[in-house]
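*Asks:* A single structure is presented below for examination.
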Amino acid sequence: MASAPAVPGPEVSVRVIGAGRRGEEVASVPTGDSVALGTLKSAASPVRSVVASPRRVKGKARRRLQLPPVSQAEGAEEEEEEEEEGEPLPSVPEEGVERARPLPPVCVYPMRGMWRAERVALYCDEVLQGCEAEDADEAMSKYLSEKLKFTDKWLGVWKTNPELFFVKYEKASIPFVGILVEVTCKPRQTSSCCFKVTASIAEPFSSNIANIPRNLVDEILEELEHSVPLLEVYPVEGQDSDVHNIALALEVVRFFYDFLWRDWDDEESCENYTALIEERINLWCDIQDGTIPGPIAQRFKKTLEKYKSKRVELIEYQSNIKEAPSAAEAVECWKKYYEIVMLCGLLKMWEDLHLRVHGPFFPRILRRRKGKRDFGKTVTHIVAKVMTTDMVKDLASDTLIQQHDDLDLALDSCYSGDTVVIFPGEYQAFNLALLTDDIIIKGVGKREEIVITSEPSHDSFVVSKADSVKLMHLSLLQQGTVDGIVVVESGHMTLENCVLKCEGTGVCVLTGAALTITDSEITGAQGAGVELYPGSTAILERNEIHHCNNLRTSDSSKSTLGGVNMKVLPEPKLKMTNNHIYNNNGYGVSILQPTQQFFIVAEEALNKGAASGDKKDDNMLSKVMQNLNLEMNNNKIEANVKGDIRIVTS
């Protein structure tokens with residue numbers, strides 16, 4: 001590839017993303033969904049970028065695998081069919097080619113099962129040992145080298161990109177090509193040398209691809225000079241304790257580069273890098289244990305993936321500029337760069353514990369308010385496939401009426417003061433996520449018969465920043481949206497006689513916003529049914545909140561969220577009367593506050609002579625409820641897995 005001439009633009013340093021093979025001039029083939037990149041030090045310097053392109057093997061070898069690969073499972077099915085039908089089915093490209101045996105099991109260490117404090121101690125104290133970001137590679141290399149020096153040969157499964165072997169394959173069925181190899185570790189000479197090892201095919205020839213030719217694997221290893229990335233090799237079970245220690249060390253390093261390292265770390269000054277790593281560990285743990293509900297966590301993951309892909313786009317675009325860049329090309333470079341900067345800023349907001357716990361990450365509604373119509377009249381919008389006189393018989397004779405067969409069109413036509421009347425049916429409306437004017441949206445008939453479903457591809461369902469919005473006699477059915485089923489960004493929202501069937505987060509009331517819910521039902525939220533951000537206000541009367549905190553996580557037992565969750569500093573205001581909160585996987589009502597404030601309350605309770613056990617907890621809870629402006633009367637809170645009401649420290 002010819003070097004690209006100078007491109008006016010910002011300095012961009014792109015390193016290996018994903019499996020942790022950073023600092024190499026030409027990165028190796030990635031595993032899984034990670035992307036391997038070459039190093040681009042500056043957009044204004046000549047570049048020779050290698051972007052996610054597997055090494056080309058010999059043409060003869062690639063022609064040999066024009067047929068689709070056959071997994072071991074598929075191969076077993078074929079053998080069964082052969083026995084049943086009595087006719088052999090060709091599953092290898094050439095006759096006489098040895099069929100690979102199934103791979104042996106690899107060592108598995110439950111990194112995900114480590115406690116938060118254990119993980120922090122491992123990375124911050126044992127591995128990084130207070131180093132700076134630019135020294136993280138060296139620290140990881142040193143940590144691995146200490147484990148590798150006890151044995152120089154062992155068996156492992158080399159997992160690499162299928163594109164290295166196959167012209168066509170199904171990613172869903174073949175996520176990687178695995179080969180059983182014998183690994184030889186050479187003495188470490190530089191900070192990055194220990195990330196490469198010598199690999200050769202081990203006996204018996206084994207792979208997760210039943211019909212992969214052995215001679216093809218030999219040819220590819222020869223072209224790679226038998227040097228493969230260490231982090232692509234997974235030690236197999238049945239070896240000595242030294243190899244098991246190597247397997248654990250590899251998991252530690254993989255986790256660091258997959259979840260804790262960011263491309264910008266060594267580009268920016270950081271006074272305490274280990275403290276930053278601790279914040280990222282807390283973010284990861286919050287996602288895993290459900291403190292950040294699953295759908296909200298997906299927003300972070302999507303943003304991180306988009307950031308990585310945009311960096312790749314910038315590298316590719318710059319490397320394709322063959323001559324002096326035109327003005328349009330220079331502008332395009334700047335546009336791509338600033339998009340990367342924006343995504344980087346969003347990710348940093350997520351990683352800041354204060355911003356993550358005590359406020360929204362960015363506004364969701366950018367639409368301006370329309371206000372009232374110029375002639376001052378309000379309109380009643382009828383939403384039904386066909387309008388009849390019976391539908392409008394209860395309206396005043398001077399009422400202005402518009403009929404729509406689409407709820408989205410009705411909402412788009414609204415001005416402040418309008419009313420939307422919805423008749424039985426099933427509807428979708430993107431404009432429910434853009435409520436800025438003061439309107440009433442109400443169903444006519446049984447609330448179970450007026451169903452509004454979310455669009456799974458959209459982030460938001462119902463979002464309001466109007467001064468006053470009211471939803472009445474409706475059923476909201478959430479399907480895969482990322483934000484809460486209802487998010488009140490600002491102003492006041494009223495939900496009256498509604499059913500909210502959540503699939504993601506429940507109702508979120510952001511800082512400074514207010515919510516009133518009466519005679520309604522909230523169920524199925526992955527996090528809390530109602531979540532109050534600091535400085536918000538809510539009135540809950542005669543509602544049922546149940547079966548919330550249905551987290552899609554391997555360890556939901558750690559999560560405390562349930563029916564109602566309050567985040568303090570500054571304290572929200574909550575009034576609850578005659579509500580039934582039951583069968584939630586966390587607590588009925590949880591109050592999330594910083595650890596320091598919790599201990600202050602505890603000391604005050606102890607100074608007043610509170611006895612140990614439940615009485616002390618009750619005294620502390622009573623004190624916190626008084627300080628929080630929390631009023632609860634005649635509520636029935638029962639059968640919640642964790643308990644009824646609990647102070648949760650963060």
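By order of appearance in the structure tokens: chains A, B, ..., then residues from 1 within every chain, and ligands from 1 in the order shown.
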From a DSSP calculation on the backbone, collect every residue of segment 282-466 of chain A in alpha helix (DSSP H) and output the set as number ranges by chain.
*Replies:* A: 282-289, 294-319, 327-351, 353-357, 407-412
*Asks:* Contacts of Lys306 of chain A at 12 Å or less, counting only C-alpha atoms, minus same-chain residues fewer than 4 places along, as a list in words?
*Replies:*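 Counting only the stated atoms, we get Gln298, Arg299, Phe300, Lys301, Lys302, Lys310, Arg311, Val312, Glu313, Glu339, Ile340, Val341, Met342, Leu343, Cys344, Leu346 and Leu347 of chain A.
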*Asks:* Could you jot down the atom CA of Asp398 of chain A to atom CA of Val421 of chain A separation for me, Å, one decimal place?
*Replies:*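 Distance reported for this atom pair: 16.6 Å.
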